[in-house]
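This report refers to the structure that appears directly beneath it.
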Amino acid sequence: MTGMAPRALITGITGQDGSYLAEFLLDKGYEVTGMVRRSSTVNYERIAHLMDRVEFCSGDLLDQLSMVEAIRVHEPEEAYNLAAQSFVQTSFGQPVLTGETTALGVTRLLDAVRMVDTSIRYYQASSSEMFGKVREVPQTESTPFHPRSPYGVAKVYGHWITVNYRESYDLHASSGILFNHESPRRGLEFVTRKISHGAARIALGMADELRLGNLDAKRDWGFAGDYVEAMWLMLQQDRPDDFVVCTGETHSVREFCEAAFSRVGLDWEKYVVVDERFLRPAEIDLLVGDYSKAADVLGWAPRTGFAELVETMVDADMEFLEGKLRYLQ
């Protein structure tokens, strides 16, 4: 890179990961461009505090030309593809849209990089959902994939097309196989935020129950703010590669409930109701990763533990809802 500020393009900048990555890169002196879909209902809530520091451009993973134009005009040195239809449950109801965005969208962006500037360093957001019906515990970069949802299948395509473009066109293209990563900025449709928000609502007398699906599902949950550093570190390496990013610990949805309700002084068993509507057609029972390669090559390790993550999310939801109640009064 030159003496000028490095430039980065982030797709999905308005999402949880995009907002934390934008903060991280801005703090490192980057010029950040965020690609957003042209819409009258774009939600900038997660990056409202960054609006005067980020440049925005229109683009859509369904539209090849818009991505070519974004790269041509803004000339990024690094491109982070975080955009996707990223909700697993929705992918069962919208499998074709999930494939178009989460799978083929990756090809469109990679091809735009290939056509405009092959020196761009590219990051692909892969997912632990690719492992699905796991063949081994813990999961590493070499664990075979067996996805159990249209989302997981689409992510497998996105992962392998990234490898293919790296090997076919000598692109500096890396994939981060991120295990579940959460934060107060997580959408309410995700089970972790649903739990933290639900516990806060019940504690404040705004609800009297929380309906969930499979309480026995186990996941490797980390903090999204920690994981964006790993994304950046991948693009600083001399050689592109794929890395598992995780905590190496697994906890059940039941444990998440227990920790969240305990934070507000309640017994979760009195309020949580299992609702079959929230059960997946094909479930993943256990995901837990091994981040040894990321530690050895990138020098990365998670900093936020499970208990701290849950408490941070519940505290943020309590603060938000208490402010909302004060406003309504």
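Each chain in the structure tokens gets a letter, A, B and so on, in the order shown; residues start at 1 in every chain, and ligands are counted from 1 in the order they appear.
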
For range 49-99 of chain A versus range 157-161 of chain A, which residues have an atom no more than 12 Å away, and what is each residue's nearest atom pair and distance in Å rounded to one decimal, using only C-alpha atoms, chain-then-number order, as a tab-separated table?
residue	atom	partner	partner_atom	distance
A:Asn81	CA	A:Gly158	CA	10.3
A:Leu82	CA	A:Gly158	CA	11.4
A:Ala83	CA	A:Gly158	CA	11.6
A:Ala84	CA	A:Gly158	CA	10.3
A:Thr98	CA	A:Gly158	CA	11.4
A:Gly99	CA	A:Tyr157	CA	8.8

**Message:** So that I can see what lies close to Pro150 in chain A, please list as a ChimeraX atom specification the residues with an atom at most 9 Å from it, counting only C-alpha atoms and leaving out residues fewer than 4 positions away in the same chain.
**Reply:** /A:88,91-92,94-96,98-99,154-155

**Item:** Length of the CA of His172 in chain A to CA of Ser149 in chain A vector [Å]
**Value:** 28.8 Å

**Prompt:** What lies within 7 Å of range 186-203 of chain A using only C-alpha atoms, ignoring chain neighbours under 4 positions off, as an MDAnalysis selection string?
**Reply:** chainID A and resid 16 182 207:210 257 260:261 264 313:314 317:318

**Item:** DSSP-assigned strand (DSSP E) among range 149-252 of chain A, expressed as a list of chain:residue names
**Value:**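 Strand (DSSP E) members of range 149-252 of chain A, listed: A:His172, A:Ala173, A:Ser174, A:Ser175, A:Gly176, A:Ile177, A:Leu178, A:His181, A:Glu182, A:Leu210, A:Arg211, A:Leu212, A:Lys218, A:Arg219, A:Gly222, A:Phe223, A:Asp242, A:Phe243, A:Val244, A:Val245, A:His251, A:Ser252.
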
Output file for the residues above (N, CA, C and O atoms, as a short mmCIF file (atom, residue, chain, number, x, y, z; two decimals), in the first residue's frame):
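This is the output file again10.cif:
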data_model
loop_
_atom_site.label_atom_id
_atom_site.label_comp_id
_atom_site.auth_asym_id
_atom_site.auth_seq_id
_atom_site.Cartn_x
_atom_site.Cartn_y
_atom_site.Cartn_z
N HIS A 172 -5.85 -12.73 -4.37
CA HIS A 172 -5.62 -12.79 -2.92
C HIS A 172 -7.01 -12.84 -2.27
O HIS A 172 -7.54 -11.85 -1.80
N ALA A 173 -7.61 -14.04 -2.28
CA ALA A 173 -8.98 -14.23 -1.81
C ALA A 173 -8.97 -15.22 -0.65
O ALA A 173 -8.56 -16.37 -0.81
N SER A 174 -9.41 -14.77 0.51
CA SER A 174 -9.42 -15.60 1.71
C SER A 174 -10.84 -15.73 2.25
O SER A 174 -11.67 -14.82 2.09
N SER A 175 -11.10 -16.85 2.90
CA SER A 175 -12.41 -17.07 3.54
C SER A 175 -12.23 -17.23 5.03
O SER A 175 -11.34 -17.97 5.49
N GLY A 176 -13.09 -16.57 5.78
CA GLY A 176 -13.14 -16.75 7.22
C GLY A 176 -14.33 -17.64 7.55
O GLY A 176 -15.47 -17.25 7.30
N ILE A 177 -14.07 -18.83 8.06
CA ILE A 177 -15.15 -19.74 8.45
C ILE A 177 -15.54 -19.37 9.87
O ILE A 177 -15.03 -19.93 10.84
N LEU A 178 -16.42 -18.40 9.99
CA LEU A 178 -16.78 -17.86 11.29
C LEU A 178 -17.88 -18.69 11.94
O LEU A 178 -18.92 -18.96 11.33
N HIS A 181 -21.30 -15.63 15.91
CA HIS A 181 -20.76 -14.45 16.56
C HIS A 181 -21.89 -13.45 16.76
O HIS A 181 -22.62 -13.12 15.84
N GLU A 182 -22.01 -12.96 17.98
CA GLU A 182 -23.17 -12.20 18.41
C GLU A 182 -22.75 -10.86 18.99
O GLU A 182 -21.58 -10.61 19.22
N LEU A 210 -41.37 -16.30 26.61
CA LEU A 210 -40.48 -16.26 25.45
C LEU A 210 -40.57 -17.60 24.75
O LEU A 210 -40.28 -18.64 25.35
N ARG A 211 -40.96 -17.60 23.50
CA ARG A 211 -41.13 -18.84 22.74
C ARG A 211 -39.89 -19.09 21.86
O ARG A 211 -39.48 -18.24 21.09
N LEU A 212 -39.34 -20.29 22.01
CA LEU A 212 -38.13 -20.67 21.29
C LEU A 212 -38.30 -22.06 20.68
O LEU A 212 -39.25 -22.77 20.98
N LYS A 218 -26.37 -26.86 20.29
CA LYS A 218 -25.15 -26.32 20.89
C LYS A 218 -24.34 -25.56 19.83
O LYS A 218 -24.18 -26.02 18.71
N ARG A 219 -23.86 -24.39 20.23
CA ARG A 219 -23.11 -23.55 19.31
C ARG A 219 -21.86 -23.00 19.98
O ARG A 219 -21.77 -22.90 21.19
N GLY A 222 -19.21 -16.45 19.94
CA GLY A 222 -18.22 -15.44 20.26
C GLY A 222 -18.77 -14.04 20.01
O GLY A 222 -19.93 -13.87 19.63
N PHE A 223 -17.93 -13.04 20.22
CA PHE A 223 -18.31 -11.64 20.07
C PHE A 223 -17.91 -11.12 18.69
O PHE A 223 -16.74 -11.22 18.31
N ASP A 242 -7.70 -19.95 4.11
CA ASP A 242 -8.98 -20.05 4.80
C ASP A 242 -8.73 -20.34 6.27
O ASP A 242 -7.83 -21.13 6.62
N PHE A 243 -9.54 -19.71 7.13
CA PHE A 243 -9.31 -19.81 8.57
C PHE A 243 -10.62 -19.99 9.32
O PHE A 243 -11.60 -19.27 9.07
N VAL A 244 -10.63 -20.92 10.28
CA VAL A 244 -11.73 -21.04 11.23
C VAL A 244 -11.56 -19.96 12.29
O VAL A 244 -10.46 -19.78 12.84
N VAL A 245 -12.65 -19.26 12.58
CA VAL A 245 -12.64 -18.22 13.61
C VAL A 245 -13.74 -18.56 14.62
O VAL A 245 -14.91 -18.64 14.26
N HIS A 251 -21.84 -24.04 23.87
CA HIS A 251 -22.89 -23.82 24.86
C HIS A 251 -24.24 -24.04 24.18
O HIS A 251 -24.41 -23.73 23.00
N SER A 252 -25.18 -24.57 24.92
CA SER A 252 -26.51 -24.83 24.38
C SER A 252 -27.39 -23.59 24.44
O SER A 252 -27.10 -22.63 25.18
#

**Message:** Can you tell me which residues surround Asp170 in chain A at a distance of at most 12 Å, considering only C-alpha atoms, apart from same-chain residues fewer than 5 positions away, and format the answer as a list in words?
**Reply:** Leu110, Val113, Arg114, Asp117, Thr118, Ser119, Ile120, Arg121, Tyr122, Thr162, Val163, Asn164, Tyr165, Arg239, Pro240 and Asp241 of chain A

Prev. selection, N, CA, C and O atoms, output as a CSV table (one decimal), in the first residue's frame:
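Below you can see result_30.csv, which holds the result:
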chain,number,residue,atom,x,y,z
A,110,LEU,N,-16.7,-11.6,-7.0
A,110,LEU,CA,-15.3,-12.1,-7.4
A,110,LEU,C,-15.0,-11.8,-8.8
A,110,LEU,O,-13.9,-11.4,-9.2
A,113,VAL,N,-14.1,-8.2,-9.3
A,113,VAL,CA,-12.7,-8.0,-8.9
A,113,VAL,C,-11.7,-8.5,-10.0
A,113,VAL,O,-10.8,-7.8,-10.4
A,114,ARG,N,-12.0,-9.7,-10.5
A,114,ARG,CA,-11.2,-10.2,-11.6
A,114,ARG,C,-11.2,-9.3,-12.8
A,114,ARG,O,-10.1,-9.1,-13.4
A,117,ASP,N,-9.7,-5.3,-11.2
A,117,ASP,CA,-8.4,-5.1,-10.5
A,117,ASP,C,-8.1,-6.4,-9.7
A,117,ASP,O,-8.5,-6.6,-8.6
A,118,THR,N,-7.2,-7.2,-10.3
A,118,THR,CA,-6.9,-8.5,-9.6
A,118,THR,C,-6.0,-8.3,-8.4
A,118,THR,O,-5.7,-9.3,-7.7
A,119,SER,N,-5.5,-7.1,-8.2
A,119,SER,CA,-4.6,-6.9,-7.0
A,119,SER,C,-5.4,-6.6,-5.7
A,119,SER,O,-4.9,-6.6,-4.6
A,120,ILE,N,-6.7,-6.5,-5.9
A,120,ILE,CA,-7.6,-6.3,-4.7
A,120,ILE,C,-7.6,-7.5,-3.8
A,120,ILE,O,-7.7,-8.6,-4.3
A,121,ARG,N,-7.4,-7.3,-2.5
A,121,ARG,CA,-7.5,-8.4,-1.6
A,121,ARG,C,-8.9,-8.6,-1.1
A,121,ARG,O,-9.6,-7.7,-0.7
A,122,TYR,N,-9.4,-9.8,-1.2
A,122,TYR,CA,-10.8,-10.1,-1.1
A,122,TYR,C,-11.0,-11.0,0.1
A,122,TYR,O,-10.4,-12.0,0.3
A,162,THR,N,-14.8,-19.1,-4.0
A,162,THR,CA,-13.7,-18.2,-3.6
A,162,THR,C,-12.4,-18.9,-3.8
A,162,THR,O,-11.4,-18.4,-4.3
A,163,VAL,N,-12.3,-20.2,-3.3
A,163,VAL,CA,-11.1,-21.0,-3.5
A,163,VAL,C,-10.8,-21.2,-5.0
A,163,VAL,O,-9.7,-21.0,-5.4
A,164,ASN,N,-11.9,-21.4,-5.8
A,164,ASN,CA,-11.7,-21.6,-7.3
A,164,ASN,C,-11.1,-20.3,-7.9
A,164,ASN,O,-10.2,-20.4,-8.7
A,165,TYR,N,-11.6,-19.1,-7.6
A,165,TYR,CA,-11.0,-17.9,-8.1
A,165,TYR,C,-9.6,-17.6,-7.6
A,165,TYR,O,-8.8,-17.1,-8.4
A,239,ARG,N,0.1,-14.5,1.8
A,239,ARG,CA,-0.6,-15.6,1.0
A,239,ARG,C,-2.0,-15.7,1.5
A,239,ARG,O,-2.3,-15.7,2.7
A,240,PRO,N,-3.0,-15.8,0.6
A,240,PRO,CA,-4.4,-16.0,1.0
A,240,PRO,C,-4.6,-17.4,1.5
A,240,PRO,O,-3.9,-18.3,1.1
A,241,ASP,N,-5.6,-17.5,2.3
A,241,ASP,CA,-5.9,-18.9,2.9
A,241,ASP,C,-7.3,-18.8,3.6
A,241,ASP,O,-7.9,-17.8,3.6

**Asked** Hey, which of A:Leu287, A:Ala48, A:Val253, A:Ala22 ends up closest to Asn180 in chain A? Count only C-alpha atoms.
**Response**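 Comparing A:Leu287, A:Ala48, A:Val253, A:Ala22 against Asn180 in chain A, the winner is A:Leu287.
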
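Here the question is which of A:Leu266, A:Met51, A:Ala112, A:Ala79 gets nearest to Met67 in chain A using only C-alpha atoms, and that residue is A:Ala112.
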
**Prompt:** Out of A:Ala5, A:Met115, A:Val228, A:Ile284, which residue has the shortest atom-to-atom distance to Glu23 in chain A when counting only C-alpha atoms?
**Reply:**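 Between A:Ala5, A:Met115, A:Val228, A:Ile284, the residue approaching Glu23 in chain A most closely is A:Val228.
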
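Counting only C-alpha atoms, the residue from A:Leu325, A:Thr143, A:Thr90, A:Tyr227 that sits nearest to Pro281 in chain A is A:Thr90.
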
**Between CA of Tyr80 in chain A and CA of His146 in chain A, distance in Å (one decimal)** = 25.1 Å
